[in-house]
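Shown next: upload-v6.csv, given as CSV, C-alpha atoms.
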```
chain,number,residue,atom,x,y,z
R,1,MET,CA,-50.4,86.9,45.6
R,2,PRO,CA,-46.6,86.9,45.0
R,3,THR,CA,-45.5,89.4,42.3
R,4,ALA,CA,-42.3,89.7,40.4
R,5,PRO,CA,-39.8,92.1,41.8
R,6,ALA,CA,-39.5,95.2,39.6
R,7,GLU,CA,-35.7,94.6,39.1
R,8,ASN,CA,-36.5,91.2,37.4
R,9,HIS,CA,-38.2,93.1,34.5
R,10,THR,CA,-35.0,93.9,32.7
R,11,ASN,CA,-34.2,97.0,30.8
R,12,ARG,CA,-33.5,95.0,27.6
R,13,LYS,CA,-35.4,95.8,24.5
R,14,ILE,CA,-36.2,92.6,22.7
R,15,ILE,CA,-38.0,92.2,19.4
R,16,HIS,CA,-39.3,88.8,18.2
R,17,VAL,CA,-39.9,88.9,14.4
R,18,ASP,CA,-42.0,86.1,13.0
R,19,MET,CA,-42.8,86.0,9.2
R,20,ASP,CA,-46.4,85.3,8.4
R,21,CYS,CA,-46.8,81.7,7.0
R,22,PHE,CA,-43.4,82.2,5.4
R,23,TYR,CA,-43.1,79.4,2.8
R,24,ALA,CA,-46.8,79.7,1.8
R,25,ALA,CA,-46.5,83.5,1.5
R,26,ILE,CA,-43.5,83.2,-0.8
R,27,GLU,CA,-45.3,80.7,-3.0
R,28,MET,CA,-48.4,83.0,-3.2
R,29,ARG,CA,-46.2,86.0,-4.0
R,30,ASP,CA,-44.6,84.1,-6.9
R,31,ASP,CA,-47.8,82.6,-8.3
R,32,PRO,CA,-50.7,85.1,-8.3
R,33,LEU,CA,-53.1,82.3,-9.2
R,34,LEU,CA,-52.7,81.0,-5.6
R,35,LYS,CA,-54.1,84.3,-4.1
R,36,GLY,CA,-57.2,83.7,-2.1
R,37,ALA,CA,-57.0,79.9,-2.3
R,38,PRO,CA,-56.2,77.6,0.7
R,39,VAL,CA,-52.5,76.9,0.2
R,40,ALA,CA,-50.0,74.7,2.0
R,41,VAL,CA,-46.4,73.9,1.5
R,42,GLY,CA,-45.4,70.3,2.1
R,43,GLY,CA,-45.1,66.7,0.9
R,44,SER,CA,-47.5,64.8,-1.3
R,45,PRO,CA,-50.5,63.2,0.3
R,46,ASP,CA,-49.8,60.1,-1.8
R,47,LYS,CA,-46.3,59.7,-0.3
R,48,ARG,CA,-47.2,60.3,3.4
R,49,GLY,CA,-46.1,63.9,3.1
R,50,VAL,CA,-46.4,66.4,6.0
R,51,ILE,CA,-47.5,70.0,5.9
R,52,ALA,CA,-44.7,72.4,6.6
R,53,THR,CA,-46.8,75.5,6.8
R,54,CYS,CA,-50.1,76.8,5.3
R,55,ASN,CA,-51.8,80.1,4.8
R,56,TYR,CA,-54.7,81.5,6.8
R,57,GLU,CA,-57.3,80.3,4.4
R,58,ALA,CA,-56.2,76.8,4.9
R,59,ARG,CA,-56.0,77.2,8.7
R,60,SER,CA,-59.7,78.1,8.7
R,61,TYR,CA,-60.3,74.5,7.8
R,62,GLY,CA,-58.2,73.2,10.7
R,63,VAL,CA,-55.1,72.6,8.6
R,64,HIS,CA,-51.8,73.2,10.5
R,65,SER,CA,-48.1,72.6,10.3
R,66,ALA,CA,-46.8,69.0,11.0
R,67,MET,CA,-50.2,67.6,9.9
R,68,ALA,CA,-50.2,64.7,7.5
R,69,SER,CA,-50.9,66.0,4.0
R,70,ALA,CA,-53.5,63.3,3.4
R,71,HIS,CA,-55.4,64.4,6.6
R,72,ALA,CA,-55.1,68.1,5.5
R,73,LYS,CA,-56.7,67.2,2.1
R,74,ARG,CA,-59.6,65.5,3.9
R,75,LEU,CA,-60.2,68.6,6.0
R,76,CYS,CA,-59.9,70.9,3.0
R,77,PRO,CA,-60.5,69.1,-0.3
R,78,ASN,CA,-59.6,72.3,-2.2
R,79,LEU,CA,-56.3,72.6,-0.5
R,80,ILE,CA,-53.4,73.3,-2.9
R,81,ILE,CA,-50.2,71.7,-1.7
R,82,VAL,CA,-47.1,73.1,-3.2
R,83,PRO,CA,-43.8,71.2,-2.9
R,84,PRO,CA,-41.1,73.1,-0.9
R,85,ASN,CA,-38.5,75.2,-2.8
R,86,PHE,CA,-35.8,75.7,-0.2
R,87,ASP,CA,-33.5,77.7,-2.5
R,88,LYS,CA,-36.2,80.4,-2.6
R,89,TYR,CA,-36.8,80.3,1.2
R,90,ARG,CA,-33.1,80.5,2.0
R,91,HIS,CA,-32.6,83.4,-0.4
R,92,ASP,CA,-35.4,85.4,1.2
R,93,SER,CA,-34.2,84.4,4.7
R,94,LYS,CA,-30.8,85.9,3.9
R,95,VAL,CA,-32.4,89.1,2.8
R,96,ILE,CA,-34.4,89.3,6.1
R,97,ARG,CA,-31.2,88.6,8.1
R,98,SER,CA,-29.4,91.5,6.3
R,99,ILE,CA,-32.3,93.8,7.2
R,100,PHE,CA,-32.0,92.8,10.9
R,101,ALA,CA,-28.2,93.4,10.8
R,102,GLY,CA,-28.9,97.0,9.8
R,103,TYR,CA,-30.2,97.5,13.4
R,104,THR,CA,-28.3,95.1,15.6
R,105,ASP,CA,-25.6,92.4,15.7
R,106,LEU,CA,-27.5,90.6,18.5
R,107,ILE,CA,-29.6,88.3,16.4
R,108,GLU,CA,-30.8,84.9,17.6
R,109,PRO,CA,-32.3,82.9,14.8
R,110,LEU,CA,-34.9,80.3,15.6
R,111,SER,CA,-35.5,79.1,12.1
R,112,LEU,CA,-35.5,80.6,8.6
R,113,ASP,CA,-38.6,82.7,9.4
R,114,GLU,CA,-38.2,84.0,12.9
R,115,ALA,CA,-35.6,85.5,15.2
R,116,PHE,CA,-35.0,87.4,18.4
R,117,LEU,CA,-33.3,90.8,18.2
R,118,ASP,CA,-31.8,92.7,21.1
R,119,VAL,CA,-32.0,96.4,20.1
R,120,THR,CA,-31.2,97.7,23.6
R,121,GLU,CA,-28.2,99.6,22.3
R,122,CYS,CA,-29.6,100.6,18.9
R,123,ARG,CA,-29.8,104.4,18.5
R,124,GLN,CA,-31.9,104.5,15.4
R,125,TYR,CA,-35.3,106.0,15.9
R,126,LYS,CA,-34.0,107.4,19.2
R,127,GLY,CA,-33.8,103.9,20.6
R,128,SER,CA,-37.5,103.2,20.2
R,129,ALA,CA,-37.9,99.4,19.8
R,130,THR,CA,-41.5,100.0,18.6
R,131,TYR,CA,-40.3,102.2,15.7
R,132,ILE,CA,-37.4,99.8,15.0
R,133,ALA,CA,-39.8,96.9,14.7
R,134,GLN,CA,-42.1,98.9,12.4
R,135,ALA,CA,-39.1,99.9,10.2
R,136,ILE,CA,-38.0,96.3,10.0
R,137,ARG,CA,-41.4,95.1,9.0
R,138,HIS,CA,-41.8,97.9,6.4
R,139,LYS,CA,-38.4,97.2,4.9
R,140,ILE,CA,-39.1,93.4,4.6
R,141,TYR,CA,-42.3,94.2,2.8
R,142,GLN,CA,-40.6,96.7,0.5
R,143,GLU,CA,-37.8,94.3,-0.5
R,144,LEU,CA,-39.7,91.0,-0.5
R,145,LYS,CA,-43.4,91.8,-0.6
R,146,LEU,CA,-43.8,89.6,2.5
R,147,THR,CA,-45.4,90.5,5.8
R,148,ALA,CA,-44.0,89.9,9.3
R,149,SER,CA,-45.4,90.2,12.8
R,150,ALA,CA,-43.4,91.4,15.7
R,151,GLY,CA,-43.5,91.4,19.5
R,152,ILE,CA,-41.6,94.0,21.6
R,153,ALA,CA,-40.9,93.3,25.3
R,154,PRO,CA,-38.2,93.4,28.0
R,155,ASN,CA,-37.4,89.7,27.5
R,156,LYS,CA,-37.5,86.9,25.0
R,157,PHE,CA,-40.5,85.0,26.5
R,158,LEU,CA,-42.8,88.0,26.4
R,159,ALA,CA,-41.6,89.2,23.0
R,160,LYS,CA,-42.5,85.8,21.6
R,161,VAL,CA,-45.9,85.8,23.2
R,162,ALA,CA,-46.4,89.4,22.0
R,163,SER,CA,-45.6,88.5,18.3
R,164,ASP,CA,-48.7,86.3,18.2
R,165,TRP,CA,-51.0,89.0,19.6
R,166,GLU,CA,-51.6,90.9,16.3
R,167,LYS,CA,-50.9,88.3,13.7
R,168,PRO,CA,-50.8,88.6,10.8
R,169,ASN,CA,-48.9,91.7,9.7
R,170,GLY,CA,-49.0,93.4,13.1
R,171,GLN,CA,-47.0,94.1,16.2
R,172,PHE,CA,-47.7,94.3,19.9
R,173,VAL,CA,-45.7,96.0,22.7
R,174,ILE,CA,-45.4,94.9,26.4
R,175,THR,CA,-43.5,97.6,28.3
R,176,PRO,CA,-41.7,96.8,31.6
R,177,ASP,CA,-44.6,98.7,33.4
R,178,ASP,CA,-47.2,96.5,31.7
R,179,VAL,CA,-45.7,93.1,32.6
R,180,ASP,CA,-47.4,92.4,35.9
R,181,ALA,CA,-50.9,93.3,34.7
R,182,PHE,CA,-50.3,91.5,31.4
R,183,MET,CA,-49.3,88.3,33.1
R,184,LEU,CA,-52.4,88.1,35.3
R,185,GLU,CA,-54.6,87.6,32.2
R,186,LEU,CA,-52.2,85.3,30.2
R,187,PRO,CA,-53.4,81.7,29.9
R,188,VAL,CA,-50.9,79.2,31.1
R,189,LYS,CA,-51.0,77.4,27.7
R,190,LYS,CA,-49.1,80.4,26.3
R,191,ILE,CA,-46.0,79.5,28.5
R,192,PRO,CA,-43.4,77.7,26.4
R,193,GLY,CA,-43.2,74.0,27.3
R,194,VAL,CA,-46.8,73.9,28.5
R,195,GLY,CA,-48.3,71.3,26.2
R,196,LYS,CA,-51.4,69.2,26.5
R,197,LYS,CA,-50.3,67.0,29.4
R,198,THR,CA,-48.9,69.9,31.5
R,199,SER,CA,-52.1,71.9,30.8
R,200,GLU,CA,-54.2,69.0,32.0
R,201,LYS,CA,-52.2,68.8,35.2
R,202,LEU,CA,-52.5,72.5,35.8
R,203,HIS,CA,-56.2,72.4,35.0
R,204,ASN,CA,-56.7,69.6,37.4
R,205,VAL,CA,-55.6,71.8,40.3
R,206,GLY,CA,-57.7,74.8,39.0
R,207,VAL,CA,-54.9,76.7,37.2
R,208,TYR,CA,-55.9,78.2,33.9
R,209,SER,CA,-54.3,81.6,34.0
R,210,CYS,CA,-50.9,82.9,35.1
R,211,ALA,CA,-52.6,84.8,37.9
R,212,GLU,CA,-53.8,81.4,39.3
R,213,LEU,CA,-50.3,79.9,38.7
R,214,GLN,CA,-48.8,82.7,40.7
R,215,GLU,CA,-50.7,81.4,43.7
R,216,LEU,CA,-48.6,78.2,43.8
R,217,GLU,CA,-45.3,78.3,45.7
R,218,LEU,CA,-42.0,77.4,44.0
R,219,LEU,CA,-41.7,74.3,46.2
R,220,GLU,CA,-45.1,73.0,45.2
R,221,LEU,CA,-44.4,73.5,41.5
R,222,THR,CA,-41.1,71.7,41.7
R,223,ARG,CA,-42.7,68.9,43.5
R,224,LYS,CA,-45.4,68.5,40.8
R,225,PHE,CA,-43.3,69.3,37.7
R,226,GLY,CA,-39.7,68.7,38.6
R,227,SER,CA,-37.1,71.2,37.3
R,228,PHE,CA,-39.8,72.6,34.8
R,229,GLY,CA,-41.7,73.8,37.9
R,230,ARG,CA,-39.0,76.5,38.4
R,231,ASN,CA,-39.5,77.7,34.9
R,232,LEU,CA,-43.3,77.9,35.5
R,233,TYR,CA,-42.8,79.9,38.7
R,234,TYR,CA,-40.7,82.6,37.0
R,235,LEU,CA,-42.4,82.7,33.6
R,236,ALA,CA,-45.8,83.0,35.2
R,237,ARG,CA,-44.4,86.3,36.6
R,238,GLY,CA,-43.0,87.4,33.3
R,239,ILE,CA,-39.4,86.8,34.4
R,240,ASP,CA,-37.0,85.6,31.8
R,241,GLN,CA,-33.3,86.5,32.1
R,242,ARG,CA,-32.0,84.7,29.1
R,243,PRO,CA,-29.9,86.8,26.8
R,244,VAL,CA,-30.2,86.8,23.0
R,245,ILE,CA,-27.7,84.2,21.8
R,246,THR,CA,-26.1,84.8,18.4
R,247,HIS,CA,-24.8,81.2,18.0
R,248,TYR,CA,-26.0,77.9,19.3
R,249,PRO,CA,-23.5,75.0,19.3
R,250,ARG,CA,-25.2,72.0,17.7
R,251,LYS,CA,-26.2,69.3,20.2
R,252,SER,CA,-27.6,66.7,17.8
R,253,LEU,CA,-27.7,65.8,14.2
R,254,SER,CA,-30.1,63.3,12.6
R,255,VAL,CA,-31.9,62.1,9.5
R,256,GLU,CA,-35.3,60.5,9.2
R,257,ASN,CA,-37.6,59.2,6.5
R,258,THR,CA,-41.3,58.6,6.3
R,259,TYR,CA,-42.1,55.6,4.1
R,260,ALA,CA,-44.8,55.4,1.5
R,261,HIS,CA,-45.8,52.0,2.8
R,262,ASP,CA,-45.5,50.6,6.3
R,263,LEU,CA,-42.6,48.4,7.2
R,264,TYR,CA,-43.9,45.2,8.9
R,265,THR,CA,-40.8,43.3,9.9
R,266,LEU,CA,-37.5,44.0,11.5
R,267,ASP,CA,-35.7,42.9,8.4
R,268,GLU,CA,-37.5,45.5,6.4
R,269,CYS,CA,-36.5,48.2,8.9
R,270,LEU,CA,-32.9,47.0,9.0
R,271,ALA,CA,-32.8,47.1,5.2
R,272,GLN,CA,-33.3,50.9,5.4
R,273,LEU,CA,-30.3,51.5,7.6
R,274,PRO,CA,-27.6,51.6,4.9
R,275,ASN,CA,-29.3,54.5,3.1
R,276,LEU,CA,-29.9,56.4,6.4
R,277,LEU,CA,-26.3,55.8,7.5
R,278,GLU,CA,-24.9,57.1,4.2
R,279,THR,CA,-27.0,60.2,4.4
R,280,LEU,CA,-26.1,60.8,8.1
R,281,LYS,CA,-22.4,60.5,7.4
R,282,HIS,CA,-22.8,62.9,4.4
R,283,ARG,CA,-24.4,65.5,6.7
R,284,LEU,CA,-21.8,65.0,9.4
R,285,ALA,CA,-19.0,65.6,6.8
R,286,ARG,CA,-20.8,68.8,5.7
R,287,SER,CA,-21.4,70.0,9.2
R,288,LYS,CA,-19.2,72.4,11.1
R,289,VAL,CA,-19.4,70.5,14.4
R,290,ASN,CA,-16.0,69.8,16.0
R,291,ALA,CA,-17.3,68.1,19.1
R,292,PRO,CA,-16.9,64.3,19.3
R,293,VAL,CA,-20.0,62.0,19.1
R,294,SER,CA,-21.0,60.9,22.6
R,295,LYS,CA,-24.3,59.0,21.9
R,296,MET,CA,-26.1,57.3,19.0
R,297,PHE,CA,-29.9,57.0,18.7
R,298,VAL,CA,-32.6,55.5,16.6
R,299,LYS,CA,-36.2,56.8,16.3
R,300,VAL,CA,-39.1,54.6,15.3
R,301,LYS,CA,-42.6,56.0,14.6
R,302,PHE,CA,-45.3,53.3,14.4
R,303,SER,CA,-48.5,53.1,12.3
R,304,ASP,CA,-50.5,54.5,15.2
R,305,PHE,CA,-48.2,57.6,15.3
R,306,SER,CA,-46.7,56.5,18.6
R,307,ALA,CA,-42.9,56.9,18.7
R,308,THR,CA,-39.9,55.7,20.6
R,309,THR,CA,-36.3,56.7,20.7
R,310,VAL,CA,-33.5,54.3,21.8
R,311,GLU,CA,-30.0,55.7,22.5
R,312,ARG,CA,-26.7,54.4,23.7
R,313,THR,CA,-23.4,56.0,24.7
R,314,SER,CA,-20.8,55.6,22.0
R,315,PHE,CA,-17.4,57.2,21.2
R,316,GLY,CA,-17.8,57.9,17.5
R,317,ILE,CA,-20.1,56.2,15.1
R,318,ASN,CA,-20.5,52.4,15.3
R,319,ASP,CA,-22.6,51.1,12.4
R,320,ASP,CA,-23.3,47.8,14.2
R,321,LEU,CA,-24.8,49.7,17.2
R,322,PHE,CA,-27.4,51.3,15.0
R,323,TYR,CA,-28.6,47.8,14.0
R,324,GLU,CA,-28.9,46.9,17.7
R,325,LEU,CA,-30.8,50.0,18.5
R,326,MET,CA,-33.1,49.5,15.6
R,327,ASP,CA,-33.8,46.0,16.9
R,328,GLU,CA,-34.7,47.2,20.3
R,329,GLY,CA,-36.9,50.1,19.1
R,330,PHE,CA,-38.8,47.9,16.6
R,331,HIS,CA,-39.7,45.4,19.4
R,332,ARG,CA,-41.1,48.1,21.7
R,333,ARG,CA,-44.4,48.0,19.9
R,334,ASP,CA,-46.4,45.4,18.2
R,335,LYS,CA,-47.1,47.7,15.2
R,336,SER,CA,-45.9,48.3,11.7
R,337,VAL,CA,-43.5,51.2,11.2
R,338,ARG,CA,-44.1,54.4,9.2
R,339,LEU,CA,-40.9,56.4,10.0
R,340,LEU,CA,-37.3,55.6,10.9
R,341,GLY,CA,-34.6,58.0,12.0
R,342,ILE,CA,-31.1,57.8,13.2
R,343,GLY,CA,-28.8,60.4,14.7
R,344,VAL,CA,-25.9,61.3,17.0
R,345,ARG,CA,-25.5,63.5,20.0
R,346,PHE,CA,-22.3,65.5,20.6
R,347,GLN,CA,-20.2,65.7,23.7
R,348,ASN,CA,-20.2,68.9,25.8
R,349,ALA,CA,-22.7,70.7,23.6
R,350,GLU,CA,-24.2,73.5,25.7
R,351,SER,CA,-27.5,74.1,23.9
R,352,ALA,CA,-29.6,72.5,21.3
R,353,ASN,CA,-29.9,73.2,17.6
R,354,PHE,CA,-31.5,70.0,16.7
R,355,VAL,CA,-32.6,69.8,13.1
R,356,GLN,CA,-34.6,66.8,11.8
R,357,LEU,CA,-35.2,66.7,8.0
R,358,PRO,CA,-37.0,64.2,5.9
R,359,LEU,CA,-34.5,62.2,3.8
R,360,GLU,CA,-35.5,63.8,0.5
R,361,TYR,CA,-34.7,67.2,1.9
R,362,ILE,CA,-31.4,66.2,3.4
R,363,ASP,CA,-29.3,68.9,1.8
R,364,ASP,CA,-31.7,71.7,2.9
R,365,VAL,CA,-30.5,72.4,6.5
R,366,PHE,CA,-32.8,75.1,7.8
R,367,HIS,CA,-30.5,76.7,10.4
R,368,GLU,CA,-27.2,76.7,8.6
R,369,GLU,CA,-28.1,79.8,6.5
R,370,TRP,CA,-28.2,81.8,9.7
R,371,ASP,CA,-24.7,80.9,10.9
```
Show how you would write the structure in this file as C-alpha cells.
Amino acid sequence: MPTAPAENHTNRKIIHVDMDCFYAAIEMRDDPLLKGAPVAVGGSPDKRGVIATCNYEARSYGVHSAMASAHAKRLCPNLIIVPPNFDKYRHDSKVIRSIFAGYTDLIEPLSLDEAFLDVTECRQYKGSATYIAQAIRHKIYQELKLTASAGIAPNKFLAKVASDWEKPNGQFVITPDDVDAFMLELPVKKIPGVGKKTSEKLHNVGVYSCAELQELELLELTRKFGSFGRNLYYLARGIDQRPVITHYPRKSLSVENTYAHDLYTLDECLAQLPNLLETLKHRLARSKVNAPVSKMFVKVKFSDFSATTVERTSFGINDDLFYELMDEGFHRRDKSVRLLGIGVRFQNAESANFVQLPLEYIDDVFHEEWD
C-alpha cells in the first residue's frame, strides 16, 4: 500500500475553528425561553423559506441547513423557526475575529462562523496549537457565551476534519505522527468534494475508507474522476499543501429569490428580471471588486428542485443578454419555476468567494465582514 512521504506532512500548525450552530446559538443565548427547544434560524415555511442552521435538538429530528422550512416543520412539528438577525451575527463574528487576531494574522475566513488559523509562528502557550485552540474557545465563551469546536492538524484538510470529531464544544488534535494511521480509518465521504455521486462511484469499486482509496493508483483515479482524482489521491494520504489565505479575490457575485408561488410561464419569469437586475447592480456598486465582468449567468430552479445554470461570455453587463439566458434556462425543463437567480463572473479571478443570498437578505453579505 502506498503511503505519504513524511515530508508531505508539513510542520504547519493549523487550527480550524467552527462555531456550534452559530445563528441558533445566538438566538438561544438572547432568548432563554428557547433553551431546550428545537430551534432553527431561517425563512418562513409559508413563504418557501429555507433553514440556515438549527440546534442539536432540531437535528435529532432530521432537520438540517438548506432544508425547506416547510419540510423541517413536517419532520419536527414543534420546531421554532426564528427569522435571521444578521446585525447580531455580524457583531458577534467581529468579536470572534478580534479574538483570533490576538494569536495570529494568518486567518482564512470561510463564513461568519468558521475560519482557518495558521499559528505556526505563534509563541503564546509555548507555541502549543492545542493550548492556543483551548484559549480561543475559552475566550469566545467568556465574551459571547457561545461555544466553538476546533480541529488542530498539520494542514487545512485535516484540521477541518478534526473540528467535527468532538462537536459540539470540543476539540481534536491530529499530530504529524498520527496522520498515516488516522487516514487509514477515515471514510472517503469525509474528503471535501466527495458527495453522493462520487461516493457511489467509489463504493461501486469497493472503496469505502481512505485505506482502500490508497490502493488505487494516481493514473486510475484521474481516469475515473478527471482532475479531481488527483485531489483524491493526495487527500486520501492526508496530504494538503494549501496555505492559509487571508484574502480571496471575489470570483462571482449573484442574487437569487425563491418565490412564494411557482412561476408557470416564461413571461412570469421575465417579469422578475427588472427587480433582480436592480438588486444585482446595487450589490455591484457596493462591492470592492475592481476586475471587469467576463460572463453573465442565469440560474433557474424548478418545482421538482432540479436546477440549471446558463452562462455566456460578456464584456460588462448587458441587460438584454439576461433576458436571452432566462429564455434558454426556462425551456430546459417542462416544469414550473420556484427560484430565479442572476449573476456575473469576473475576469482573472484567482479563487472563489461566491456568495448567494436570497433577495430579501441582499444587504447582508456574509463574507464582507471578514475583509
Find the spatial neighbours of segment 63-66 of chain R, counting only C-alpha atoms, within a cut-off of 6 Å - ignore same-chain residues fewer than 2 positions away - and output them as number ranges by chain.
-> R: 50-53, 58-59, 61, 72
Test item: residues at most 8 Å from segment 227-244 of chain R, all atoms listed in the file, excluding those fewer than 5 positions along its chain, as a ChimeraX atom specification = /R:3-4,8-10,106-108,116-118,155-158,179-180,183,188,191,210-211,213-214,216-218,221-222
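Note that the spacing between atom CA of Leu75 of chain R and atom CA of Pro32 of chain R amounts to 23.8 Å.
Of note, atom CA of Ser199 of chain R and atom CA of Phe225 of chain R are spaced 11.5 Å apart.
When all atoms listed in the file are used to measure the gap to Lys295 of chain R, the shortest distance among R:Gln347, R:Ser336, R:Thr279, R:Thr175 belongs to R:Gln347.
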Extract, using only C-alpha atoms, all DNA, RNA and protein residues at most 7 Å from Leu79 of chain R, discarding same-chain residues fewer than 3 positions from it, and format them as a ChimeraX atom specification.
-> /R:38-39,58,73,76
Could those residues be written to a file, using C-alpha atoms, as a CSV table (one decimal), in the frame of the given file?
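Everything below was put into again-v5.csv:
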```csv
chain,number,residue,atom,x,y,z
R,38,PRO,CA,-56.2,77.6,0.7
R,39,VAL,CA,-52.5,76.9,0.2
R,58,ALA,CA,-56.2,76.8,4.9
R,73,LYS,CA,-56.7,67.2,2.1
R,76,CYS,CA,-59.9,70.9,3.0
```
Give me the residues within 12 Å of Val119 of chain R as a ChimeraX atom specification, counting all atoms listed in the file and dropping any in the same chain fewer than 3 places off.
-> /R:11-16,100-108,116,122-133,136,152-155,243-244
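Distance annotation: of R:Pro274, R:Pro84, R:Gly151, R:Pro45, the residue with the minimal separation from His71 of chain R is R:Pro45; atom set is all atoms listed in the file.
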Using only C-alpha atoms, which residues sit within 12 Å of His261 of chain R once same-chain residues fewer than 5 positions away are excluded, as a list of chain:residue names?
-> R:Asp46, R:Lys47, R:Arg48, R:Gly49, R:Glu268, R:Cys269, R:Phe302, R:Ser303, R:Ser336, R:Val337, R:Arg338, R:Leu339
Rank R:Asp87, R:Glu114, R:Asp18, R:Glu324 by their smallest atom-to-atom distance to Ile342 of chain R, using only C-alpha atoms, and report the top residue only.
-> R:Glu324
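The two atoms in question, atom CA of Leu266 of chain R and atom CA of Asp327 of chain R, are spaced 6.8 Å apart.
Nearest residue to Asp31 of chain R among R:Ala159, R:Leu270, R:Leu340, R:Val82 is R:Val82, counting only C-alpha atoms.
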